[in-house]
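Trainee: Here you go, run32.tsv (TSV, C-alpha atoms):
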```tsv
chain	number	residue	atom	x	y	z
A	1430	MET	CA	-52.02	46.15	40.86
A	1431	GLU	CA	-50.15	44.49	37.99
A	1432	LYS	CA	-48.50	41.24	38.90
A	1433	PRO	CA	-44.76	41.03	38.21
A	1434	ARG	CA	-44.00	39.10	35.08
A	1435	LYS	CA	-42.41	35.74	35.44
A	1436	ARG	CA	-39.18	35.12	33.57
A	1437	ARG	CA	-40.04	33.24	30.41
A	1438	ALA	CA	-38.26	29.90	30.15
A	1439	SER	CA	-36.36	29.06	27.03
A	1440	ARG	CA	-38.39	27.05	24.57
A	1441	THR	CA	-35.82	24.31	24.90
A	1442	ASN	CA	-35.14	24.92	28.62
A	1443	ARG	CA	-31.56	25.50	27.52
A	1444	ILE	CA	-29.19	27.09	30.03
A	1445	THR	CA	-27.94	30.36	28.59
A	1446	LEU	CA	-24.88	32.53	29.02
A	1447	ASP	CA	-27.05	34.93	31.05
A	1448	ASP	CA	-27.96	32.10	33.43
A	1449	VAL	CA	-24.30	31.39	34.13
A	1450	ALA	CA	-23.60	35.12	34.56
A	1451	ARG	CA	-26.41	35.52	37.12
A	1452	HIS	CA	-25.24	32.44	39.00
A	1453	VAL	CA	-21.73	33.88	39.37
A	1454	GLY	CA	-22.77	37.52	39.69
A	1455	VAL	CA	-20.86	38.87	36.72
A	1456	SER	CA	-21.75	40.13	33.26
A	1457	ALA	CA	-22.49	37.87	30.32
A	1458	ILE	CA	-19.52	39.45	28.52
A	1459	THR	CA	-17.20	38.28	31.32
A	1460	VAL	CA	-18.58	34.75	31.09
A	1461	SER	CA	-18.13	34.77	27.31
A	1462	ARG	CA	-14.56	35.98	27.66
A	1463	ALA	CA	-13.78	33.29	30.26
A	1464	LEU	CA	-15.07	30.57	27.95
A	1465	ARG	CA	-13.60	31.83	24.67
A	1466	SER	CA	-10.36	33.49	25.84
A	1467	PRO	CA	-9.68	32.13	29.36
A	1468	GLN	CA	-6.24	33.73	29.51
A	1469	LYS	CA	-7.92	37.16	29.61
A	1470	VAL	CA	-9.78	36.43	32.89
A	1471	ALA	CA	-8.29	36.21	36.39
A	1472	PRO	CA	-7.69	32.54	37.28
A	1473	ALA	CA	-9.93	32.52	40.37
A	1474	LEU	CA	-12.87	34.08	38.53
A	1475	ARG	CA	-12.31	31.89	35.50
A	1476	ASP	CA	-12.44	28.75	37.67
A	1477	GLN	CA	-15.63	30.01	39.31
A	1478	ILE	CA	-17.26	30.60	35.93
A	1479	LEU	CA	-16.18	27.22	34.54
A	1480	GLU	CA	-17.49	25.47	37.67
A	1481	ALA	CA	-20.83	27.29	37.35
A	1482	ALA	CA	-21.11	26.40	33.67
A	1483	GLN	CA	-20.48	22.75	34.48
A	1484	THR	CA	-22.89	22.72	37.43
A	1485	LEU	CA	-25.70	24.33	35.43
A	1486	GLY	CA	-25.04	22.18	32.35
A	1487	TYR	CA	-24.31	25.10	30.06
A	1488	VAL	CA	-23.60	24.18	26.42
A	1489	PRO	CA	-22.39	26.99	24.12
A	1490	ASN	CA	-24.79	27.95	21.34
A	1491	HIS	CA	-22.42	27.92	18.39
A	1492	ALA	CA	-25.09	29.03	15.95
A	1493	ALA	CA	-25.66	32.22	17.94
A	1494	SER	CA	-21.91	32.77	18.27
A	1495	ALA	CA	-21.49	32.37	14.52
A	1496	LEU	CA	-24.15	35.01	13.86
A	1497	ALA	CA	-22.52	37.41	16.30
A	1498	SER	CA	-18.93	36.93	15.15
A	1499	ALA	CA	-19.37	35.87	11.50
A	1500	ARG	CA	-17.32	32.80	12.43
A	1501	SER	CA	-18.73	29.31	12.89
A	1502	MET	CA	-15.49	27.96	14.47
A	1503	ASN	CA	-16.07	24.81	12.38
A	1504	ILE	CA	-13.72	23.37	9.76
A	1505	ALA	CA	-15.08	20.81	7.30
A	1506	VAL	CA	-12.77	17.87	6.56
A	1507	LEU	CA	-13.59	15.46	3.74
A	1508	ILE	CA	-11.66	12.17	3.62
A	1509	PRO	CA	-12.27	8.92	1.73
A	1510	SER	CA	-12.45	6.58	4.72
A	1511	LEU	CA	-12.20	6.23	8.49
A	1512	THR	CA	-11.28	2.55	8.29
A	1513	ASN	CA	-7.97	3.38	6.58
A	1514	MET	CA	-5.37	4.27	9.24
A	1515	LEU	CA	-3.76	6.64	6.76
A	1516	PHE	CA	-6.68	9.06	7.13
A	1517	VAL	CA	-7.18	8.42	10.85
A	1518	ASP	CA	-3.59	9.54	11.45
A	1519	MET	CA	-4.11	12.57	9.23
A	1520	ILE	CA	-7.23	13.58	11.19
A	1521	GLY	CA	-5.20	13.33	14.40
A	1522	GLY	CA	-2.70	15.82	13.01
A	1523	ILE	CA	-5.48	18.21	11.98
A	1524	GLU	CA	-7.09	18.10	15.42
A	1525	ASP	CA	-3.79	18.68	17.21
A	1526	ILE	CA	-3.36	22.00	15.38
A	1527	LEU	CA	-6.95	23.27	15.19
A	1528	ASN	CA	-8.30	22.35	18.64
A	1529	PRO	CA	-6.07	24.75	20.62
A	1530	HIS	CA	-7.44	27.57	18.46
A	1531	GLY	CA	-11.04	26.71	19.37
A	1532	TYR	CA	-11.98	25.08	16.07
A	1533	GLN	CA	-14.08	21.94	15.79
A	1534	ILE	CA	-13.88	19.68	12.75
A	1535	LEU	CA	-16.82	18.29	10.80
A	1536	ILE	CA	-15.62	14.98	9.32
A	1537	GLY	CA	-17.23	13.57	6.20
A	1538	THR	CA	-16.25	10.27	4.57
A	1539	THR	CA	-16.69	10.15	0.82
A	1540	ARG	CA	-16.17	6.37	0.44
A	1541	TYR	CA	-13.92	7.12	-2.55
A	1542	ALA	CA	-17.03	8.09	-4.54
A	1543	PRO	CA	-17.04	11.45	-6.39
A	1544	GLU	CA	-20.83	11.72	-6.20
A	1545	GLU	CA	-20.77	11.16	-2.42
A	1546	GLU	CA	-18.04	13.78	-2.04
A	1547	GLU	CA	-20.18	16.28	-3.94
A	1548	ARG	CA	-23.25	15.47	-1.83
A	1549	LEU	CA	-21.32	15.81	1.43
A	1550	LEU	CA	-19.66	19.04	0.37
A	1551	ARG	CA	-23.00	20.58	-0.53
A	1552	ALA	CA	-24.44	19.53	2.85
A	1553	TYR	CA	-21.44	20.70	4.89
A	1554	LEU	CA	-21.26	24.08	3.22
A	1555	GLY	CA	-24.74	24.64	4.66
A	1556	PHE	CA	-23.10	24.75	8.10
A	1557	THR	CA	-20.98	27.73	6.91
A	1558	PRO	CA	-17.60	26.28	7.95
A	1559	ASP	CA	-14.78	28.77	8.26
A	1560	GLY	CA	-12.52	26.61	6.10
A	1561	LEU	CA	-12.29	23.33	4.23
A	1562	LEU	CA	-9.72	20.54	4.13
A	1563	ILE	CA	-10.44	18.11	1.29
A	1564	THR	CA	-8.55	15.04	0.13
A	1565	GLY	CA	-7.00	15.01	-3.31
A	1566	LEU	CA	-7.55	17.02	-6.47
A	1567	ASP	CA	-9.67	14.46	-8.34
A	1568	HIS	CA	-13.08	16.07	-7.91
A	1569	SER	CA	-16.22	15.97	-10.02
A	1570	ALA	CA	-17.22	19.00	-12.07
A	1571	GLY	CA	-19.99	19.68	-9.56
A	1572	THR	CA	-17.58	19.62	-6.63
A	1573	TRP	CA	-15.19	22.01	-8.38
A	1574	GLU	CA	-18.12	24.34	-9.03
A	1575	LEU	CA	-19.00	24.29	-5.32
A	1576	LEU	CA	-15.37	24.92	-4.39
A	1577	ARG	CA	-15.15	27.90	-6.75
A	1578	GLY	CA	-18.23	29.41	-5.12
A	1579	TYR	CA	-16.97	28.90	-1.57
A	1580	ASN	CA	-15.31	32.09	-0.38
A	1581	GLN	CA	-13.37	30.62	2.54
A	1582	PRO	CA	-9.89	29.01	2.68
A	1583	ILE	CA	-9.46	25.56	1.11
A	1584	VAL	CA	-6.47	23.23	1.39
A	1585	HIS	CA	-6.18	19.96	-0.57
A	1586	LEU	CA	-4.60	16.97	1.19
A	1587	MET	CA	-2.26	14.12	0.16
A	1588	ASP	CA	-1.67	15.23	-3.44
A	1589	MET	CA	0.67	17.73	-5.06
A	1590	GLY	CA	-0.93	20.08	-7.57
A	1591	LYS	CA	1.82	22.20	-9.05
A	1592	ASP	CA	-0.36	22.97	-12.06
A	1593	THR	CA	-3.18	24.42	-9.94
A	1594	ASP	CA	-3.69	27.59	-7.93
A	1595	SER	CA	-5.13	25.56	-5.05
A	1596	TYR	CA	-3.22	25.16	-1.79
A	1597	THR	CA	-1.94	21.58	-1.57
A	1598	VAL	CA	-0.04	19.56	1.03
A	1599	GLY	CA	1.29	16.09	0.29
A	1600	PHE	CA	3.91	14.29	-1.76
A	1601	SER	CA	4.34	12.75	-5.20
A	1602	GLN	CA	2.54	9.40	-5.18
A	1603	GLN	CA	3.99	8.62	-8.60
A	1604	GLU	CA	7.57	9.27	-7.58
A	1605	ALA	CA	7.09	7.24	-4.39
A	1606	GLY	CA	5.86	4.28	-6.46
A	1607	ALA	CA	8.84	4.63	-8.76
A	1608	THR	CA	11.27	4.81	-5.82
A	1609	LEU	CA	9.96	1.56	-4.33
A	1610	THR	CA	10.11	-0.18	-7.72
A	1611	ARG	CA	13.65	1.04	-8.37
A	1612	HIS	CA	14.65	-0.32	-4.95
A	1613	LEU	CA	13.46	-3.77	-6.05
A	1614	LEU	CA	15.35	-3.45	-9.33
A	1615	GLU	CA	18.52	-2.47	-7.46
A	1616	LYS	CA	18.11	-5.61	-5.31
A	1617	GLY	CA	18.16	-7.71	-8.48
A	1618	TYR	CA	14.44	-8.38	-8.96
A	1619	ARG	CA	13.21	-8.17	-12.56
A	1620	ARG	CA	9.81	-9.91	-12.70
A	1621	ILE	CA	7.95	-7.50	-10.44
A	1622	GLY	CA	4.18	-7.62	-10.07
A	1623	PHE	CA	1.86	-4.83	-8.96
A	1624	VAL	CA	-1.40	-5.31	-7.04
A	1625	ALA	CA	-3.76	-2.33	-6.77
A	1626	VAL	CA	-7.17	-2.13	-5.09
A	1627	GLN	CA	-9.74	0.61	-4.45
A	1628	LEU	CA	-8.28	2.33	-7.55
A	1629	ASP	CA	-8.45	5.84	-6.19
A	1630	PRO	CA	-6.21	8.37	-8.01
A	1631	ARG	CA	-3.40	8.11	-5.43
A	1632	THR	CA	-3.17	4.34	-5.94
A	1633	LEU	CA	-3.28	4.76	-9.71
A	1634	ASN	CA	-0.45	7.30	-9.52
A	1635	ARG	CA	1.68	4.80	-7.58
A	1636	GLY	CA	1.02	2.36	-10.40
A	1637	GLU	CA	2.22	4.91	-12.94
A	1638	GLY	CA	5.47	5.23	-11.01
A	1639	TYR	CA	5.83	1.43	-10.94
A	1640	ARG	CA	5.29	1.14	-14.69
A	1641	GLN	CA	7.64	3.99	-15.56
A	1642	ALA	CA	10.46	2.53	-13.47
A	1643	LEU	CA	10.04	-0.89	-15.10
A	1644	ARG	CA	9.82	0.57	-18.59
A	1645	ASP	CA	13.04	2.50	-17.97
A	1646	ALA	CA	14.67	-0.80	-16.98
A	1647	GLY	CA	13.12	-2.71	-19.92
A	1648	CYS	CA	11.25	-5.05	-17.54
A	1649	TYR	CA	7.60	-4.04	-17.76
A	1650	ASP	CA	5.07	-6.81	-18.45
A	1651	PRO	CA	1.33	-5.96	-18.14
A	1652	ARG	CA	0.54	-9.59	-17.30
A	1653	ARG	CA	2.06	-8.96	-13.86
A	1654	GLU	CA	-0.55	-6.37	-12.85
A	1655	ILE	CA	-3.78	-6.92	-10.93
A	1656	ARG	CA	-6.21	-4.05	-10.43
A	1657	VAL	CA	-9.55	-4.50	-8.66
A	1658	PRO	CA	-11.95	-1.85	-7.25
A	1659	THR	CA	-12.55	-3.75	-4.01
A	1660	PRO	CA	-11.68	-1.94	-0.73
A	1661	SER	CA	-8.33	-2.91	0.74
A	1662	SER	CA	-8.02	-5.50	3.53
A	1663	ILE	CA	-5.60	-8.07	4.91
A	1664	GLY	CA	-7.79	-10.94	3.71
A	1665	LEU	CA	-7.93	-9.51	0.20
A	1666	GLY	CA	-4.13	-9.39	0.17
A	1667	ALA	CA	-4.00	-13.15	0.72
A	1668	VAL	CA	-6.52	-13.76	-2.06
A	1669	LEU	CA	-4.71	-11.53	-4.53
A	1670	LEU	CA	-1.35	-13.13	-3.77
A	1671	ASP	CA	-2.85	-16.44	-4.89
A	1672	GLN	CA	-4.31	-14.77	-7.99
A	1673	MET	CA	-0.99	-13.19	-8.94
A	1674	LEU	CA	0.94	-16.43	-8.55
A	1675	ALA	CA	-1.69	-18.20	-10.66
A	1676	GLN	CA	-1.54	-15.70	-13.55
A	1677	ALA	CA	2.18	-14.86	-13.32
A	1678	PRO	CA	3.95	-17.73	-11.50
A	1679	ASP	CA	7.37	-16.41	-12.52
A	1680	CYS	CA	7.04	-13.27	-10.33
A	1681	ASP	CA	10.07	-12.74	-8.14
A	1682	ALA	CA	8.62	-9.69	-6.33
A	1683	ILE	CA	5.20	-8.13	-5.77
A	1684	PHE	CA	4.48	-4.48	-5.00
A	1685	PHE	CA	1.19	-4.22	-3.06
A	1686	CYS	CA	-0.36	-0.75	-3.15
A	1687	ASN	CA	-1.16	-0.79	0.61
A	1688	ASP	CA	0.51	-2.33	3.63
A	1689	ASP	CA	-2.59	-4.21	4.75
A	1690	LEU	CA	-2.62	-6.09	1.45
A	1691	ALA	CA	1.07	-6.87	1.89
A	1692	HIS	CA	0.39	-8.16	5.43
A	1693	GLY	CA	-2.17	-10.59	4.04
A	1694	ALA	CA	0.27	-11.66	1.33
A	1695	LEU	CA	2.96	-12.40	3.93
A	1696	PHE	CA	0.52	-14.57	5.90
A	1697	GLN	CA	-0.46	-16.42	2.74
A	1698	CYS	CA	3.17	-16.98	1.76
A	1699	ARG	CA	3.71	-18.75	5.08
A	1700	GLU	CA	0.63	-20.92	4.43
A	1701	ARG	CA	1.91	-21.83	0.97
A	1702	GLY	CA	5.48	-22.45	2.09
A	1703	VAL	CA	6.77	-19.55	-0.04
A	1704	ARG	CA	9.93	-18.10	1.49
A	1705	VAL	CA	10.10	-14.31	1.72
A	1706	PRO	CA	12.28	-12.87	0.28
A	1707	GLU	CA	14.22	-15.94	-0.97
A	1708	ASP	CA	11.41	-17.17	-3.25
A	1709	LEU	CA	9.36	-13.99	-3.51
A	1710	ALA	CA	9.87	-10.43	-2.32
A	1711	ILE	CA	6.87	-8.58	-0.88
A	1712	VAL	CA	6.64	-4.79	-0.48
A	1713	GLY	CA	3.84	-2.46	0.59
A	1714	PHE	CA	3.03	1.22	0.88
A	1715	ASN	CA	2.27	3.63	3.79
A	1716	ASP	CA	4.32	1.97	6.59
A	1717	LEU	CA	1.40	1.15	8.88
A	1718	SER	CA	2.12	0.61	12.56
A	1719	GLY	CA	2.49	-3.18	12.33
A	1720	SER	CA	4.69	-3.27	9.24
A	1721	ALA	CA	7.97	-3.21	11.17
A	1722	TRP	CA	6.83	-6.31	13.10
A	1723	THR	CA	5.58	-8.65	10.40
A	1724	LEU	CA	7.52	-11.82	9.63
A	1725	PRO	CA	9.71	-10.79	7.95
A	1726	PRO	CA	9.52	-7.01	8.55
A	1727	LEU	CA	7.90	-5.33	5.57
A	1728	THR	CA	9.76	-3.12	3.10
A	1729	THR	CA	7.47	-0.18	2.36
A	1730	ILE	CA	7.15	3.57	1.82
A	1731	ALA	CA	6.58	5.70	4.92
A	1732	THR	CA	4.09	8.46	4.13
A	1733	PRO	CA	3.80	11.66	6.21
A	1734	ARG	CA	0.07	11.43	6.85
A	1735	ARG	CA	0.04	13.04	10.33
A	1736	GLU	CA	2.37	15.77	9.09
A	1737	VAL	CA	0.07	16.37	6.11
A	1738	GLY	CA	-2.79	16.99	8.53
A	1739	GLU	CA	-0.71	19.27	10.74
A	1740	GLU	CA	0.73	21.37	7.92
A	1741	ALA	CA	-2.61	21.66	6.11
A	1742	ALA	CA	-4.22	22.89	9.33
A	1743	ARG	CA	-1.42	25.44	9.83
A	1744	ILE	CA	-1.90	26.74	6.29
A	1745	LEU	CA	-5.64	27.01	6.89
A	1746	LEU	CA	-5.06	29.00	10.10
A	1747	ALA	CA	-2.68	31.30	8.24
A	1748	LEU	CA	-5.27	31.89	5.53
A	1749	LEU	CA	-7.95	32.57	8.14
A	1750	SER	CA	-5.62	35.18	9.66
A	1751	ASP	CA	-5.17	36.87	6.25
A	1752	ASN	CA	-1.52	35.83	6.32
A	1753	PRO	CA	-1.26	33.47	3.32
A	1754	PRO	CA	1.92	31.37	3.04
A	1755	GLN	CA	4.36	32.20	0.26
A	1756	ARG	CA	4.16	28.68	-1.19
A	1757	ARG	CA	0.91	27.20	-2.45
A	1758	HIS	CA	2.27	23.65	-2.72
A	1759	LEU	CA	4.01	21.99	0.24
A	1760	ASP	CA	5.81	18.74	-0.63
A	1761	LEU	CA	6.51	16.76	2.56
A	1762	GLY	CA	8.23	13.89	0.76
A	1763	TYR	CA	8.30	10.22	1.80
A	1764	ARG	CA	10.82	7.66	3.08
A	1765	LEU	CA	11.82	4.25	1.77
A	1766	MET	CA	11.77	1.76	4.66
A	1767	ALA	CA	14.09	-1.00	3.47
A	1768	ARG	CA	13.46	-4.08	5.62
A	1769	LYS	CA	13.81	-7.85	5.27
A	1770	SER	CA	10.83	-8.70	3.04
A	1771	ALA	CA	12.77	-7.61	-0.07
```
Would you give me this structure, written as structure tokens?

Mentor:
Amino acid sequence: MEKPRKRRASRTNRITLDDVARHVGVSAITVSRALRSPQKVAPALRDQILEAAQTLGYVPNHAASALASARSMNIAVLIPSLTNMLFVDMIGGIEDILNPHGYQILIGTTRYAPEEEERLLRAYLGFTPDGLLITGLDHSAGTWELLRGYNQPIVHLMDMGKDTDSYTVGFSQQEAGATLTRHLLEKGYRRIGFVAVQLDPRTLNRGEGYRQALRDAGCYDPRREIRVPTPSSIGLGAVLLDQMLAQAPDCDAIFFCNDDLAHGALFQCRERGVRVPEDLAIVGFNDLSGSAWTLPPLTTIATPRREVGEEAARILLALLSDNPPQRRHLDLGYRLMARKSA
């Protein structure tokens, strides 16, 4: 007499959807529906299934689900840095919109390096993400080639690209830089310095706005600019304040390209006995969370980074639903935060 076959264990001893279904006494389809679309299952049964899944230690096999549905439920997100609160806030906005729809995000940090962005993009496309959110429009030729060959929705973040067919969400960095510079001119400052670090395209565009505003006013002097590729930090702001005052001691205002630099400059002004704004005005960019509480409160540009993440995610969802928005370029603008440092 043939012995009954024993049920073969999974090679990885992984708990499967079938295991949860047998435990509850329902079909695997019902379990799948309870996990993916819980509103379609009666509350009592749904709670029983969720409790069983937790008790057994069931973890969904997303690779198998992707093969079955042609959807990975992953969205790749490429940003320059996770130490810059600008991008942390933007990621928060993305997650708030995508998570309720069942999407997970794959975050890659490019470190502001085009070659690293290209390497990460090539690697992440191997996970067949359903869509891509990528910072900026300043990509290498190799990255653009990969983007052209990727047949899923793409949205570019933080920059406006009115001369491109790509979907973009952001604001004009150049106009924001000009607005802040014109504010200083309207306050009577004429010898305005500009300090830029990291030198990514968004920072360089702010510098273009600064220069154009000063040229229009007949006040531009290249000796009042400092540009270094070093990553931004509070300590670097203090160092670069000293450097600016050494090379251009007649400055009556300094535009720092990021708030953290401006925070360091304010600290250093107190150490040097420089009164702000009586002796020297200090302004920043991005309106980070502490900028309203510095001494004195920092004049800066508030950027819509969380809103950029939210709106980009909404556009991506619309594209995934074959319901493309009428506008390809969404300009969310910016706000001048006029405070006591200028």

Trainee: Which of these, A:Asp1679, A:Asp1650, A:Phe1516, A:Arg1764, has the shortest distance to Arg1735 of chain A once you count only C-alpha atoms?

Mentor: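 That would be A:Phe1516, the residue with the smallest distance to Arg1735 of chain A.
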
Trainee: Which residue gives the smallest distance to Pro1509 of chain A among A:Ile1526, A:Ser1601, A:Pro1630, A:Ile1478, with only C-alpha atoms counted?

Mentor: A:Pro1630

Trainee: At what distance in Å, to one decimal, does atom CA of Asp1567 of chain A lie from atom CA of Asp1588 of chain A?

Mentor: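 A separation of 9.4 Å between them.
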
Trainee: Can you work out the spacing between atom CA of Gln1697 of chain A and atom CA of Ala1667 of chain A in Å, to one decimal?

Mentor: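 Pair atom CA of Gln1697 of chain A / atom CA of Ala1667 of chain A returns 5.2 Å.
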
Trainee: Show me, as number ranges by chain, the residues that have an atom within 12 Å of Arg1540 of chain A when counting all atoms listed in the file, minus same-chain residues fewer than 4 positions from it.

Mentor: A: 1507-1513, 1516, 1544-1549, 1564, 1627-1629, 1659-1660

Trainee: To one decimal place in Å, what is the distance between atom CA of Val1460 of chain A and atom CA of Asn1528 of chain A?

Mentor: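 Atom-to-atom, atom CA of Val1460 of chain A to atom CA of Asn1528 of chain A, that is 20.4 Å.
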
Trainee: Name the residues in contact with segment 1690-1693 of chain A at a cut-off of 12 Å, using only C-alpha atoms, excluding same-chain residues fewer than 2 positions from it; report them as a VMD selection string.

Mentor: chain A and resid 1623 to 1627 1659 to 1671 1682 to 1688 1695 to 1700 1705 1710 to 1729 1770 to 1771

Trainee: Rank nothing, just name the residue among A:Leu1765, A:Met1587, A:Ala1741, A:Leu1709 nearest to Arg1619 of chain A, using all atoms listed in the file.

Mentor: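 When distances to Arg1619 of chain A are compared using all atoms listed in the file, the smallest one comes from A:Leu1709.
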
Trainee: Check the smallest atom-to-atom distance from each of A:Arg1734, A:Arg1465, A:Arg1611, A:Arg1451 to Gly1638 of chain A using all atoms listed in the file, then report the winner.

Mentor: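 Among the listed residues, the smallest separation from Gly1638 of chain A belongs to A:Arg1611.
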
Trainee: With all atoms listed in the file as the counted atoms, please give the residues lying no more than 6 Å from Ile1563 of chain A, apart from itself and same-chain residues fewer than 2 positions off, as a list in words.

Mentor: Val1506, Leu1507, His1585 and Leu1586 of chain A

Trainee: Name all residues at most 9 Å from segment 1550-1555 of chain A (count all atoms listed in the file; drop same-chain ones fewer than 6 positions away) and give them as an NGL selection string.

Mentor: :A and (1505 or 1507 or 1535 or 1537 or 1572 or 1575-1576 or 1579)

Trainee: Could you tell me which of A:Leu1633, A:Ala1675, A:Leu1527, A:Ala1742 comes closest to Arg1656 of chain A if we count only C-alpha atoms?

Mentor: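 Going through A:Leu1633, A:Ala1675, A:Leu1527, A:Ala1742 one by one, the smallest distance to Arg1656 of chain A is for A:Leu1633.
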
Trainee: Quick one: everything within 10 Å of Leu1474 of chain A, counting all atoms listed in the file, minus sequence neighbours fewer than 4 positions away in the same chain. Send it as a PDB file with C-alpha atoms, in the frame of the given file.

Mentor:
```pdb
ATOM      1  CA  VAL A1453     -21.730  33.880  39.370  1.00  0.00           C
ATOM      2  CA  VAL A1455     -20.860  38.870  36.720  1.00  0.00           C
ATOM      3  CA  THR A1459     -17.200  38.280  31.320  1.00  0.00           C
ATOM      4  CA  VAL A1460     -18.580  34.750  31.090  1.00  0.00           C
ATOM      5  CA  ALA A1463     -13.780  33.290  30.260  1.00  0.00           C
ATOM      6  CA  PRO A1467      -9.680  32.130  29.360  1.00  0.00           C
ATOM      7  CA  VAL A1470      -9.780  36.430  32.890  1.00  0.00           C
ATOM      8  CA  ILE A1478     -17.260  30.600  35.930  1.00  0.00           C
ATOM      9  CA  LEU A1479     -16.180  27.220  34.540  1.00  0.00           C
ATOM     10  CA  GLU A1480     -17.490  25.470  37.670  1.00  0.00           C
TER      11      GLU A1480
END
```

Trainee: Name the closest residue to Gly1571 of chain A among the candidates A:Ala1481, A:Pro1558, A:Pro1543, A:Glu1615; distances are taken between atoms, counting all atoms listed in the file.

Mentor: A:Pro1543

Trainee: As AutoDock Vina command-line options, please: the centre and edge lengths in Å, to one decimal, of an axis-aligned box enclosing every listed atom of segment 1748-1751 of chain A with 8 Å added on each side.

Mentor:
```
--center_x -6.6 --center_y 34.4 --center_z 7.6 --size_x 18.8 --size_y 21.0 --size_z 20.1
```
